[in-house]
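Okay, my_file.cif now, which holds mmCIF, C-alpha atoms:
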```cif
data_coords
loop_
_atom_site.label_atom_id
_atom_site.label_comp_id
_atom_site.auth_asym_id
_atom_site.auth_seq_id
_atom_site.Cartn_x
_atom_site.Cartn_y
_atom_site.Cartn_z
CA MET A 22 0.43 -52.77 -51.59
CA GLN A 23 -0.82 -53.83 -48.19
CA ILE A 24 -2.65 -51.70 -45.65
CA GLU A 25 -3.96 -52.55 -42.22
CA LEU A 26 -7.66 -51.84 -41.83
CA ILE A 27 -9.15 -51.33 -38.38
CA SER A 28 -12.79 -50.54 -37.75
CA PHE A 29 -14.77 -49.21 -34.83
CA GLY A 30 -18.32 -48.88 -33.55
CA LYS A 31 -21.12 -50.05 -35.81
CA ILE A 32 -18.70 -50.37 -38.73
CA SER A 33 -16.95 -53.16 -36.82
CA ASP A 34 -20.24 -55.10 -37.11
CA PHE A 35 -19.58 -55.63 -40.85
CA ILE A 36 -15.90 -54.81 -41.47
CA SER A 37 -13.48 -56.77 -39.35
CA ASN A 38 -9.90 -55.75 -38.73
CA GLN A 39 -7.85 -57.10 -41.63
CA ILE A 40 -4.84 -56.75 -43.86
CA LEU A 41 -6.10 -55.43 -47.19
CA GLU A 42 -4.28 -55.95 -50.48
CA ILE A 43 -4.98 -52.93 -52.71
CA GLU A 44 -3.73 -51.89 -56.14
CA GLY A 45 -4.03 -48.54 -57.91
CA ILE A 46 -5.06 -46.73 -54.75
CA GLU A 47 -2.88 -43.81 -53.84
CA THR A 48 -4.93 -41.56 -51.58
CA THR A 49 -7.48 -41.70 -48.81
CA ASP A 50 -10.16 -40.46 -51.24
CA ASP A 51 -9.39 -43.38 -53.56
CA LEU A 52 -9.57 -45.71 -50.61
CA LYS A 53 -12.98 -44.39 -49.55
CA LYS A 54 -14.41 -45.19 -53.00
CA HIS A 55 -12.83 -48.64 -52.87
CA LEU A 56 -14.20 -49.36 -49.39
CA GLU A 57 -17.71 -48.13 -50.25
CA LYS A 58 -17.76 -50.41 -53.29
CA ASN A 59 -16.50 -53.44 -51.39
CA PHE A 60 -18.49 -52.85 -48.20
CA PRO A 61 -21.89 -51.54 -49.35
CA GLY A 62 -23.02 -50.90 -45.73
CA LEU A 63 -20.50 -48.09 -45.53
CA ALA A 64 -22.23 -45.87 -48.09
CA ASP A 65 -25.11 -45.06 -45.71
CA ILE A 66 -22.91 -44.23 -42.76
CA LYS A 67 -21.08 -41.02 -41.96
CA TYR A 68 -17.54 -42.04 -41.21
CA LYS A 69 -14.06 -40.61 -40.82
CA LEU A 70 -10.69 -42.16 -41.53
CA ALA A 71 -7.56 -42.04 -39.45
CA LEU A 72 -4.24 -42.63 -41.19
CA ASN A 73 -1.54 -44.01 -38.92
CA LYS A 74 -3.44 -42.75 -35.87
CA ASN A 75 -4.01 -39.24 -37.23
CA LEU A 76 -7.46 -38.05 -38.16
CA VAL A 77 -7.68 -37.56 -41.93
CA GLN A 78 -8.82 -33.96 -42.45
CA GLN A 79 -8.01 -33.69 -46.16
CA ASN A 80 -7.15 -36.11 -48.93
CA SER A 81 -3.84 -37.78 -47.99
CA GLU A 82 -1.37 -40.10 -49.66
CA ILE A 83 -1.40 -43.76 -48.62
CA LYS A 84 1.76 -45.83 -48.51
CA ASN A 85 2.49 -49.53 -48.20
CA ARG A 86 1.95 -50.85 -44.66
CA ASP A 87 -0.07 -47.81 -43.57
CA SER A 88 -2.73 -48.31 -40.94
CA ILE A 89 -6.20 -46.99 -41.71
CA ALA A 90 -8.97 -46.73 -39.15
CA ILE A 91 -12.63 -46.41 -40.21
CA MET A 92 -14.66 -44.57 -37.61
CA PRO A 93 -18.42 -43.93 -37.47
CA PRO A 94 -19.75 -40.91 -35.49
CA PHE A 95 -18.42 -40.89 -31.94
CA SER A 96 -20.72 -41.71 -29.05
CA GLY A 97 -18.64 -41.48 -25.92
CA GLY A 98 -19.66 -39.93 -22.60
CA MET B 20 -43.88 -0.87 21.99
CA GLN B 21 -41.25 -3.59 22.06
CA ILE B 22 -39.60 -5.28 19.11
CA GLU B 23 -37.00 -8.01 18.96
CA LEU B 24 -33.92 -7.01 17.00
CA ILE B 25 -31.63 -9.70 15.52
CA SER B 26 -28.56 -8.94 13.47
CA PHE B 27 -26.34 -10.92 11.13
CA GLY B 28 -22.94 -10.81 9.45
CA LYS B 29 -20.85 -7.70 9.92
CA ILE B 30 -23.82 -5.88 11.44
CA SER B 31 -23.67 -8.31 14.37
CA ASP B 32 -20.20 -6.86 15.11
CA PHE B 33 -21.82 -3.64 16.36
CA ILE B 34 -25.52 -4.38 16.91
CA SER B 35 -26.22 -7.26 19.25
CA ASN B 36 -29.50 -9.13 19.42
CA GLN B 37 -31.75 -7.20 21.77
CA ILE B 38 -35.24 -6.21 22.78
CA LEU B 39 -35.75 -2.64 21.61
CA GLU B 40 -38.25 -0.24 23.18
CA ILE B 41 -39.52 2.14 20.46
CA GLU B 42 -42.12 4.91 20.42
CA GLY B 43 -43.68 6.70 17.47
CA ILE B 44 -42.39 4.12 14.96
CA GLU B 45 -45.06 2.52 12.84
CA THR B 46 -43.34 1.17 9.76
CA THR B 47 -40.10 -0.46 8.64
CA ASP B 48 -39.07 2.80 6.91
CA ASP B 49 -39.47 4.64 10.24
CA LEU B 50 -37.45 1.91 11.92
CA LYS B 51 -34.61 2.19 9.39
CA LYS B 52 -34.24 5.90 10.14
CA HIS B 53 -34.31 5.17 13.85
CA LEU B 54 -31.68 2.43 13.57
CA GLU B 55 -29.37 4.51 11.34
CA LYS B 56 -29.51 7.34 13.90
CA ASN B 57 -28.84 5.08 16.87
CA PHE B 58 -26.26 2.83 15.18
CA PRO B 59 -24.18 5.15 12.97
CA GLY B 60 -22.23 2.20 11.48
CA LEU B 61 -25.40 1.15 9.69
CA ALA B 62 -25.57 4.18 7.42
CA ASP B 63 -22.58 3.03 5.33
CA ILE B 64 -23.81 -0.54 4.88
CA LYS B 65 -26.29 -1.89 2.41
CA TYR B 66 -28.73 -3.93 4.44
CA LYS B 67 -32.13 -5.52 4.25
CA LEU B 68 -34.72 -6.10 6.93
CA ALA B 69 -36.80 -9.17 7.58
CA LEU B 70 -40.04 -8.76 9.50
CA ASN B 71 -41.11 -11.88 11.36
CA LYS B 72 -38.90 -14.01 9.11
CA ASN B 73 -40.16 -12.48 5.86
CA LEU B 74 -37.91 -10.36 3.71
CA VAL B 75 -39.17 -6.76 3.72
CA GLN B 76 -39.67 -5.83 0.07
CA GLN B 77 -41.72 -2.68 0.63
CA ASN B 78 -42.51 -0.44 3.56
CA SER B 79 -44.46 -2.52 6.12
CA GLU B 80 -46.31 -1.90 9.33
CA ILE B 81 -44.59 -2.91 12.55
CA LYS B 82 -46.56 -4.18 15.53
CA ASN B 83 -45.72 -4.76 19.17
CA ARG B 84 -43.56 -7.88 19.73
CA ASP B 85 -42.57 -8.14 16.06
CA SER B 86 -39.19 -9.60 15.27
CA ILE B 87 -36.90 -7.60 12.97
CA ALA B 88 -33.74 -8.99 11.42
CA ILE B 89 -31.05 -6.65 10.05
CA MET B 90 -29.07 -8.34 7.27
CA PRO B 91 -26.00 -7.09 5.38
CA PRO B 92 -25.29 -8.40 1.84
CA PHE B 93 -25.27 -12.20 1.76
CA SER B 94 -22.00 -14.07 1.33
CA GLY B 95 -22.83 -17.76 1.39
CA GLY B 96 -21.41 -20.44 -0.86
CA MET C 17 -41.64 -32.89 -8.97
CA SER C 18 -42.92 -30.25 -6.53
CA GLU C 19 -41.93 -31.11 -2.98
CA LYS C 20 -44.18 -29.61 -0.36
CA LYS C 21 -41.94 -30.33 2.60
CA ILE C 22 -39.27 -27.72 3.34
CA LYS C 23 -35.92 -29.54 3.26
CA ASN C 24 -33.01 -28.64 5.46
CA ILE C 25 -29.88 -27.71 3.51
CA PHE C 26 -27.64 -26.91 6.47
CA VAL C 27 -24.97 -29.18 7.89
CA THR C 28 -22.68 -28.34 10.78
CA GLY C 29 -19.06 -28.39 9.70
CA SER C 30 -17.56 -29.18 6.33
CA ILE C 31 -19.05 -31.49 3.68
CA ALA C 32 -17.04 -34.71 3.55
CA PRO C 33 -16.04 -36.20 0.17
CA GLU C 34 -17.46 -39.50 1.48
CA PHE C 35 -20.84 -37.81 1.91
CA ILE C 36 -20.64 -36.68 -1.72
CA ALA C 37 -19.77 -40.24 -2.80
CA LYS C 38 -22.75 -41.62 -0.87
CA SER C 39 -25.00 -39.01 -2.46
CA ILE C 40 -23.78 -40.01 -5.95
CA SER C 41 -24.22 -43.74 -5.32
CA ASN C 42 -27.76 -43.14 -4.01
CA HIS C 43 -28.64 -42.21 -7.61
CA SER C 44 -27.50 -45.48 -9.11
CA PRO C 45 -31.00 -47.09 -8.87
CA LYS C 46 -32.44 -44.07 -10.73
CA THR C 47 -31.68 -45.48 -14.16
CA SER C 48 -33.49 -42.79 -16.12
CA ILE C 49 -30.70 -40.37 -15.16
CA GLY C 50 -28.03 -39.80 -17.83
CA GLY C 51 -26.11 -36.86 -16.40
CA HIS C 52 -25.22 -35.37 -13.03
CA SER C 53 -23.85 -31.88 -12.52
CA ILE C 54 -22.11 -31.01 -9.26
CA PHE C 55 -20.74 -27.77 -7.92
CA LEU C 56 -18.54 -27.70 -4.83
CA GLY C 57 -17.48 -24.57 -2.99
CA GLN C 58 -14.12 -24.90 -1.25
CA VAL C 59 -12.75 -22.46 1.34
CA ARG C 60 -9.70 -20.58 0.00
CA LYS C 61 -6.64 -19.67 2.05
CA ASP C 62 -6.76 -16.10 0.69
CA GLU C 63 -4.14 -13.56 1.64
CA VAL C 64 -5.46 -10.16 2.77
CA ASP C 65 -2.94 -7.48 3.79
CA GLY C 66 -0.33 -10.13 4.49
CA LYS C 67 -2.66 -12.24 6.63
CA LEU C 68 -3.86 -15.72 5.63
CA VAL C 69 -7.42 -16.99 5.95
CA SER C 70 -7.41 -20.14 8.06
CA ALA C 71 -11.18 -20.77 8.05
CA VAL C 72 -14.54 -19.28 7.16
CA GLU C 73 -17.23 -19.31 9.83
CA TYR C 74 -20.68 -19.52 8.27
CA THR C 75 -23.86 -18.32 9.95
CA ALA C 76 -27.33 -18.11 8.43
CA PHE C 77 -30.77 -16.81 9.14
CA GLU C 78 -31.83 -20.41 8.85
CA GLU C 79 -35.60 -20.17 8.71
CA LEU C 80 -35.57 -17.43 6.09
CA ALA C 81 -32.87 -19.28 4.13
CA LEU C 82 -34.87 -22.51 4.07
CA THR C 83 -38.06 -20.75 2.98
CA LYS C 84 -36.15 -18.97 0.22
CA MET C 85 -34.39 -22.20 -0.81
CA HIS C 86 -37.76 -23.93 -1.04
CA GLU C 87 -38.94 -21.18 -3.40
CA ILE C 88 -35.77 -21.50 -5.52
CA ARG C 89 -36.10 -25.29 -5.60
CA GLU C 90 -39.70 -25.07 -6.86
CA ALA C 91 -38.70 -22.52 -9.49
CA ILE C 92 -35.80 -24.66 -10.74
CA PHE C 93 -37.96 -27.80 -10.88
CA SER C 94 -40.56 -25.90 -12.93
CA LYS C 95 -37.94 -24.51 -15.29
CA TYR C 96 -35.84 -27.63 -15.98
CA PRO C 97 -36.79 -31.31 -16.48
CA LEU C 98 -34.76 -32.57 -13.52
CA SER C 99 -34.78 -35.96 -11.87
CA CYS C 100 -33.11 -34.73 -8.68
CA LEU C 101 -31.83 -31.62 -7.00
CA HIS C 102 -29.84 -31.55 -3.75
CA VAL C 103 -28.24 -28.63 -1.92
CA HIS C 104 -26.06 -28.74 1.19
CA HIS C 105 -24.44 -25.73 2.83
CA SER C 106 -22.11 -25.72 5.81
CA LEU C 107 -22.56 -23.76 9.01
CA GLY C 108 -19.82 -23.11 11.58
CA ASP C 109 -16.06 -23.12 11.07
CA ILE C 110 -14.88 -24.52 7.74
CA LYS C 111 -11.11 -24.72 7.35
CA ALA C 112 -9.28 -23.67 4.19
CA GLY C 113 -9.34 -26.59 1.73
CA GLU C 114 -12.63 -27.97 3.06
CA ILE C 115 -15.93 -28.09 1.16
CA CYS C 116 -18.68 -25.69 2.30
CA LEU C 117 -21.24 -25.95 -0.54
CA PHE C 118 -22.51 -28.98 -2.46
CA VAL C 119 -25.04 -28.49 -5.26
CA PHE C 120 -26.10 -31.63 -7.14
CA THR C 121 -28.56 -31.89 -10.05
CA SER C 122 -29.48 -34.85 -12.24
CA SER C 123 -31.47 -35.24 -15.44
CA LYS C 124 -32.04 -37.61 -18.35
CA HIS C 125 -29.92 -35.55 -20.75
CA ARG C 126 -27.00 -33.46 -19.61
CA LYS C 127 -28.10 -29.91 -20.44
CA PRO C 128 -30.89 -29.44 -17.85
CA ALA C 129 -28.67 -30.77 -15.05
CA ILE C 130 -25.80 -28.47 -16.05
CA GLU C 131 -27.93 -25.36 -16.51
CA ALA C 132 -29.95 -25.95 -13.34
CA CYS C 133 -26.77 -26.47 -11.32
CA ASN C 134 -25.29 -23.19 -12.55
CA GLU C 135 -28.48 -21.26 -11.88
CA LEU C 136 -28.78 -22.78 -8.40
CA VAL C 137 -25.24 -21.74 -7.46
CA GLU C 138 -25.91 -18.15 -8.61
CA ARG C 139 -29.21 -17.96 -6.76
CA ILE C 140 -27.85 -19.54 -3.58
CA LYS C 141 -25.04 -17.00 -3.44
CA ALA C 142 -27.28 -14.04 -4.22
CA GLU C 143 -30.48 -14.88 -2.39
CA LEU C 144 -29.84 -16.99 0.69
CA PRO C 145 -29.24 -15.12 3.97
CA ILE C 146 -25.91 -16.76 4.76
CA TRP C 147 -22.77 -14.95 5.88
CA GLY C 148 -19.14 -16.02 5.82
CA LYS C 149 -16.64 -14.60 8.31
CA GLU C 150 -13.04 -15.06 7.21
CA ILE C 151 -10.91 -15.95 10.21
CA PHE C 152 -7.22 -15.16 9.81
CA THR C 153 -4.38 -17.17 11.32
CA ASP C 154 -3.86 -14.36 13.88
CA GLU C 155 -7.51 -14.77 14.94
CA THR C 156 -8.65 -11.41 13.55
CA HIS C 157 -11.52 -11.56 11.07
CA GLN C 158 -13.20 -9.84 8.15
CA TRP C 159 -16.65 -10.48 6.71
CA LYS C 160 -16.62 -12.15 3.31
CA GLU C 161 -18.21 -10.34 0.37
CA ASN C 162 -19.41 -12.32 -2.63
CA SER C 163 -18.03 -11.22 -5.97
CA MET D 22 -0.34 -25.04 -16.80
CA SER D 23 0.65 -26.84 -19.99
CA GLU D 24 1.29 -30.50 -19.32
CA LYS D 25 3.56 -32.14 -21.82
CA LYS D 26 2.89 -35.71 -20.77
CA ILE D 27 -0.09 -37.37 -22.42
CA LYS D 28 -2.36 -38.54 -19.61
CA ASN D 29 -4.47 -41.64 -19.79
CA ILE D 30 -8.17 -40.96 -19.32
CA PHE D 31 -9.42 -44.53 -19.71
CA VAL D 32 -10.43 -46.84 -16.91
CA THR D 33 -11.74 -50.36 -17.31
CA GLY D 34 -15.23 -50.69 -15.89
CA SER D 35 -17.38 -48.09 -14.18
CA ILE D 36 -16.16 -45.11 -12.18
CA ALA D 37 -16.77 -45.76 -8.49
CA PRO D 38 -18.24 -42.99 -6.29
CA GLU D 39 -15.36 -43.71 -3.87
CA PHE D 40 -12.88 -42.86 -6.64
CA ILE D 41 -14.69 -39.54 -7.13
CA ALA D 42 -14.52 -38.89 -3.37
CA LYS D 43 -10.78 -39.60 -3.36
CA SER D 44 -10.31 -37.28 -6.31
CA ILE D 45 -12.17 -34.49 -4.49
CA SER D 46 -10.22 -34.94 -1.26
CA ASN D 47 -6.92 -34.85 -3.19
CA HIS D 48 -7.72 -31.18 -3.84
CA SER D 49 -8.03 -30.22 -0.22
CA PRO D 50 -4.32 -29.17 0.06
CA LYS D 51 -4.79 -26.89 -2.98
CA THR D 52 -6.09 -23.98 -0.93
CA SER D 53 -6.17 -21.48 -3.78
CA ILE D 54 -9.16 -23.38 -5.21
CA GLY D 55 -12.57 -21.85 -4.48
CA GLY D 56 -14.83 -23.88 -6.76
CA HIS D 57 -15.02 -27.32 -8.32
CA SER D 58 -17.31 -28.27 -11.17
CA ILE D 59 -18.05 -31.93 -11.85
CA PHE D 60 -19.96 -33.66 -14.61
CA LEU D 61 -20.85 -37.33 -14.35
CA GLY D 62 -22.28 -39.41 -17.16
CA GLN D 63 -24.50 -42.27 -15.97
CA VAL D 64 -25.70 -45.17 -18.14
CA ARG D 65 -29.47 -45.01 -18.68
CA LYS D 66 -31.79 -48.00 -18.79
CA ASP D 67 -33.43 -46.68 -21.95
CA GLU D 68 -36.31 -48.49 -23.57
CA VAL D 69 -36.03 -49.04 -27.33
CA ASP D 70 -38.86 -50.90 -29.10
CA GLY D 71 -39.91 -52.53 -25.84
CA LYS D 72 -36.39 -53.69 -24.98
CA LEU D 73 -34.41 -52.34 -22.00
CA VAL D 74 -30.75 -51.34 -22.09
CA SER D 75 -28.91 -53.35 -19.44
CA ALA D 76 -25.41 -51.97 -20.13
CA VAL D 77 -23.33 -49.91 -22.53
CA GLU D 78 -20.10 -51.40 -23.77
CA TYR D 79 -17.54 -48.69 -24.52
CA THR D 80 -14.65 -49.08 -26.93
CA ALA D 81 -12.23 -46.40 -28.07
CA PHE D 82 -9.46 -45.79 -30.56
CA GLU D 83 -7.33 -45.17 -27.50
CA GLU D 84 -4.18 -43.65 -28.98
CA LEU D 85 -6.10 -41.20 -31.16
CA ALA D 86 -8.44 -40.38 -28.26
CA LEU D 87 -5.55 -39.63 -25.91
CA THR D 88 -3.78 -37.42 -28.46
CA LYS D 89 -7.02 -35.54 -29.09
CA MET D 90 -7.72 -35.26 -25.36
CA HIS D 91 -4.25 -33.83 -24.84
CA GLU D 92 -5.02 -31.17 -27.45
CA ILE D 93 -8.36 -30.36 -25.81
CA ARG D 94 -6.74 -30.19 -22.37
CA GLU D 95 -4.11 -27.70 -23.62
CA ALA D 96 -6.79 -25.59 -25.30
CA ILE D 97 -8.96 -25.50 -22.16
CA PHE D 98 -5.99 -24.62 -19.95
CA SER D 99 -5.12 -21.74 -22.31
CA LYS D 100 -8.69 -20.49 -22.39
CA TYR D 101 -9.61 -20.64 -18.69
CA PRO D 102 -7.63 -19.84 -15.51
CA LEU D 103 -7.93 -23.35 -14.06
CA SER D 104 -6.12 -24.92 -11.14
CA CYS D 105 -6.93 -28.49 -12.17
CA LEU D 106 -8.62 -30.51 -14.88
CA HIS D 107 -9.28 -34.26 -14.71
CA VAL D 108 -11.12 -36.52 -17.14
CA HIS D 109 -11.91 -40.22 -16.74
CA HIS D 110 -13.86 -42.32 -19.23
CA SER D 111 -14.87 -45.94 -18.87
CA LEU D 112 -14.12 -48.75 -21.30
CA GLY D 113 -15.87 -52.12 -21.33
CA ASP D 114 -19.30 -53.00 -19.99
CA ILE D 115 -20.93 -50.35 -17.83
CA LYS D 116 -24.27 -51.37 -16.32
CA ALA D 117 -27.32 -49.09 -16.23
CA GLY D 118 -27.02 -46.80 -13.20
CA GLU D 119 -23.21 -46.85 -13.20
CA ILE D 120 -20.95 -43.87 -13.94
CA CYS D 121 -19.05 -43.91 -17.26
CA LEU D 122 -17.69 -40.34 -17.48
CA PHE D 123 -16.14 -38.11 -14.82
CA VAL D 124 -15.06 -34.57 -15.74
CA PHE D 125 -13.63 -32.47 -12.91
CA THR D 126 -12.39 -28.85 -13.10
CA SER D 127 -11.25 -26.48 -10.35
CA SER D 128 -10.46 -22.79 -10.21
CA LYS D 129 -10.08 -19.89 -7.79
CA HIS D 130 -13.46 -18.39 -8.66
CA ARG D 131 -16.40 -20.52 -9.78
CA LYS D 132 -17.00 -19.32 -13.33
CA PRO D 133 -13.89 -20.71 -15.07
CA ALA D 134 -14.39 -24.14 -13.47
CA ILE D 135 -18.06 -24.24 -14.51
CA GLU D 136 -17.49 -23.01 -18.06
CA ALA D 137 -14.45 -25.23 -18.64
CA CYS D 138 -16.34 -28.28 -17.36
CA ASN D 139 -19.25 -27.64 -19.75
CA GLU D 140 -16.95 -27.10 -22.71
CA LEU D 141 -14.96 -30.24 -21.87
CA VAL D 142 -18.10 -32.39 -21.78
CA GLU D 143 -19.21 -31.06 -25.18
CA ARG D 144 -15.79 -31.58 -26.74
CA ILE D 145 -15.32 -35.05 -25.24
CA LYS D 146 -18.65 -36.18 -26.68
CA ALA D 147 -18.02 -34.62 -30.09
CA GLU D 148 -14.31 -35.15 -30.63
CA LEU D 149 -13.08 -38.27 -28.87
CA PRO D 150 -13.17 -41.53 -30.88
CA ILE D 151 -15.19 -43.50 -28.35
CA TRP D 152 -18.21 -45.66 -29.13
CA GLY D 153 -20.98 -46.95 -26.92
CA LYS D 154 -22.83 -50.15 -27.74
CA GLU D 155 -26.15 -50.45 -25.95
CA ILE D 156 -26.66 -54.03 -24.83
CA PHE D 157 -30.29 -55.01 -24.27
CA THR D 158 -31.49 -57.46 -21.65
CA ASP D 159 -32.12 -60.01 -24.46
CA GLU D 160 -28.43 -59.67 -25.45
CA THR D 161 -29.15 -57.94 -28.76
CA HIS D 162 -27.45 -54.58 -29.24
CA GLN D 163 -27.59 -51.22 -30.99
CA TRP D 164 -24.85 -48.62 -31.35
CA LYS D 165 -25.43 -45.49 -29.31
CA GLU D 166 -25.71 -42.15 -31.09
CA ASN D 167 -24.96 -38.94 -29.23
CA SER D 168 -27.68 -36.30 -29.31
#
```
Mind turning the file's structure into structure tokens?
Amino acid sequence: MQIELISFGKISDFISNQILEIEGIETTDDLKKHLEKNFPGLADIKYKLALNKNLVQQNSEIKNRDSIAIMPPFSGG
Amino acid sequence: MQIELISFGKISDFISNQILEIEGIETTDDLKKHLEKNFPGLADIKYKLALNKNLVQQNSEIKNRDSIAIMPPFSGG
Amino acid sequence: MSEKKIKNIFVTGSIAPEFIAKSISNHSPKTSIGGHSIFLGQVRKDEVDGKLVSAVEYTAFEELALTKMHEIREAIFSKYPLSCLHVHHSLGDIKAGEICLFVFTSSKHRKPAIEACNELVERIKAELPIWGKEIFTDETHQWKENS
Amino acid sequence: MSEKKIKNIFVTGSIAPEFIAKSISNHSPKTSIGGHSIFLGQVRKDEVDGKLVSAVEYTAFEELALTKMHEIREAIFSKYPLSCLHVHHSLGDIKAGEICLFVFTSSKHRKPAIEACNELVERIKAELPIWGKEIFTDETHQWKENS
């Protein structure tokens, strides 16, 4: 299936916004493992995911055409 | 001796600024008693004195030509 | 940061929002500042026994107030790592809806500015010999008491 | 006090002192207000390894930030007896010395405005998906981290 990946802050320095083709990934926890393998820089960074513009607070199911945002610690204000 | 009396806030509604002729009064505690007798409205009000522009924190000697301010609770801001 | 000169804090009439804007923009060259904290006191149109407050007339024992404010300023500068500290208080008639107190603190990180501003407001209200006389629309008055 | 409409908090570029003045004067007809508390974030010209920050470039996940801000606003209005609550945050390049955050609360008595303002600043910094990129004078950058 296809998901839309959007990245912010320092993560946007090494992961650009893209359409990602993934197989065998059903949940946000699966996706995290996949992303950390494919983008080694991610492993050292605290980050949160948002699924279709909602903050992911617990492991959640991913469906085709979902939008996933990868967000490092916030630094507004 | 003569002292200058200045009053503020609600106390200025019934004690006007004036030169006061006093005899047998040597300290601010004496003066308080004198004022409360002569201006009965004062007895019901919490007030502080300032002697020559310094807040009176403890009983202090009064001299001829001193300036005494009578101040009700502050309400600035 | 100790300032030997006793600063005047009193202004006649209300504090204009444009004055506040100018005061803020004056700090733009001070690029070590990261946070500003501001408190503004505004005159309320309170209702007392069916009568409305139209203005508060402020008077002060100015010399004593400025000496005391100098003391407070020194204490606050010793206690908090501030870049700046400004206080302005109105004298005379301030209409309901107008600003009568402007406290402005600045520091590198936000916490000292915020804490110093709060402490200043408390100390100004408790320790400065300033009195507010609430003038009602029927021209009677009552003396304000701080809560 | 609950406001159903999701308000935008983002402005492109810095927050002008004149905008702050206008915002203050808008509250003059609200004569039940007795105190305003304001926090302003200003971009610092920090030095990092001998390089000076010339600007911070702010980006946000805007939709998520506005939903979260709506939630925070409702929580703050439930917790404190406020008359008003306004938040403005910059996006884009904000130069050192310019204002990037404006938090403004008002209430009848001072305490709720002051406490709500402090809590808002903390929550905005911790909970809104906004990122600051410090741009150095040599055009290199580093991502800001909130302390």
Selection as a short mmCIF file (atom, residue, chain, number, x, y, z; two decimals) with C-alpha atoms, keeping the file's coordinate frame: residues within 8 Å of (-4.1, -45.4, -48.9), counting all atoms listed in the file:
```
data_model
loop_
_atom_site.label_atom_id
_atom_site.label_comp_id
_atom_site.auth_asym_id
_atom_site.auth_seq_id
_atom_site.Cartn_x
_atom_site.Cartn_y
_atom_site.Cartn_z
CA ILE A 24 -2.65 -51.70 -45.65
CA ILE A 46 -5.06 -46.73 -54.75
CA GLU A 47 -2.88 -43.81 -53.84
CA THR A 48 -4.93 -41.56 -51.58
CA THR A 49 -7.48 -41.70 -48.81
CA ASP A 51 -9.39 -43.38 -53.56
CA LEU A 52 -9.57 -45.71 -50.61
CA SER A 81 -3.84 -37.78 -47.99
CA GLU A 82 -1.37 -40.10 -49.66
CA ILE A 83 -1.40 -43.76 -48.62
CA LYS A 84 1.76 -45.83 -48.51
CA ASN A 85 2.49 -49.53 -48.20
CA ASP A 87 -0.07 -47.81 -43.57
CA ILE A 89 -6.20 -46.99 -41.71
#
```
Just the residues within 10 Å of Leu56 of chain C, please, counting only C-alpha atoms, with nothing from its chain fewer than 2 positions along; format it as a PDB file with C-alpha atoms, keeping the file's coordinate frame.
```pdb
ATOM      1  CA  GLY B  96     -21.410 -20.440  -0.860  1.00  0.00           C
TER       2      GLY B  96
ATOM      3  CA  ILE C  31     -19.050 -31.490   3.680  1.00  0.00           C
ATOM      4  CA  ILE C  36     -20.640 -36.680  -1.720  1.00  0.00           C
ATOM      5  CA  ILE C  54     -22.110 -31.010  -9.260  1.00  0.00           C
ATOM      6  CA  GLN C  58     -14.120 -24.900  -1.250  1.00  0.00           C
ATOM      7  CA  VAL C  59     -12.750 -22.460   1.340  1.00  0.00           C
ATOM      8  CA  HIS C 104     -26.060 -28.740   1.190  1.00  0.00           C
ATOM      9  CA  HIS C 105     -24.440 -25.730   2.830  1.00  0.00           C
ATOM     10  CA  GLU C 114     -12.630 -27.970   3.060  1.00  0.00           C
ATOM     11  CA  ILE C 115     -15.930 -28.090   1.160  1.00  0.00           C
ATOM     12  CA  CYS C 116     -18.680 -25.690   2.300  1.00  0.00           C
ATOM     13  CA  LEU C 117     -21.240 -25.950  -0.540  1.00  0.00           C
ATOM     14  CA  PHE C 118     -22.510 -28.980  -2.460  1.00  0.00           C
ATOM     15  CA  VAL C 119     -25.040 -28.490  -5.260  1.00  0.00           C
ATOM     16  CA  PHE C 120     -26.100 -31.630  -7.140  1.00  0.00           C
ATOM     17  CA  VAL C 137     -25.240 -21.740  -7.460  1.00  0.00           C
TER      18      VAL C 137
ATOM     19  CA  ILE D  45     -12.170 -34.490  -4.490  1.00  0.00           C
ATOM     20  CA  GLY D  55     -12.570 -21.850  -4.480  1.00  0.00           C
ATOM     21  CA  GLY D  56     -14.830 -23.880  -6.760  1.00  0.00           C
ATOM     22  CA  HIS D  57     -15.020 -27.320  -8.320  1.00  0.00           C
ATOM     23  CA  SER D  58     -17.310 -28.270 -11.170  1.00  0.00           C
ATOM     24  CA  ILE D  59     -18.050 -31.930 -11.850  1.00  0.00           C
ATOM     25  CA  SER D 127     -11.250 -26.480 -10.350  1.00  0.00           C
ATOM     26  CA  ARG D 131     -16.400 -20.520  -9.780  1.00  0.00           C
TER      27      ARG D 131
END
```
Chain and number of each residue from the PyMOL selection byres ((chain D and resi 101) around 12), as a ChimeraX atom specification: /D:22,94-100,102-106,126-141
Test item: the PyMOL selection byres ((chain D and resi 149) around 10) resolved as number ranges by chain: A: 94-98; D: 81-83, 85-90, 93, 144-148, 150-152
Atom-to-atom span, atom CA of Asp32 of chain B and atom CA of Glu155 of chain C, Å: 15.0 Å
Residue neighbourhood Ile38 of chain B, 8 Å, all atoms listed in the file, exclusion window fewer than 6 positions, as a PyMOL selection string: chain B and resi 21-24
Two-atom distance - atom CA of Tyr74 of chain C, atom CA of Ser35 of chain B (Å): 17.4 Å
For this structure, which residues satisfy the selection - the PyMOL selection byres ((chain B and resi 71) around 9) - when it is evaluated on the file as given? I want them as a compact mmCIF listing (two decimals) with C-alpha atoms, in the coordinates of the input.
```txt
# COMPACT_ATOMS: atom_id res chain seq x y z
CA ALA B 69 -36.80 -9.17 7.58
CA LEU B 70 -40.04 -8.76 9.50
CA LYS B 72 -38.90 -14.01 9.11
CA ASN B 73 -40.16 -12.48 5.86
CA LEU B 74 -37.91 -10.36 3.71
CA ASP B 85 -42.57 -8.14 16.06
CA SER B 86 -39.19 -9.60 15.27
CA ILE B 87 -36.90 -7.60 12.97
CA ALA B 88 -33.74 -8.99 11.42
```
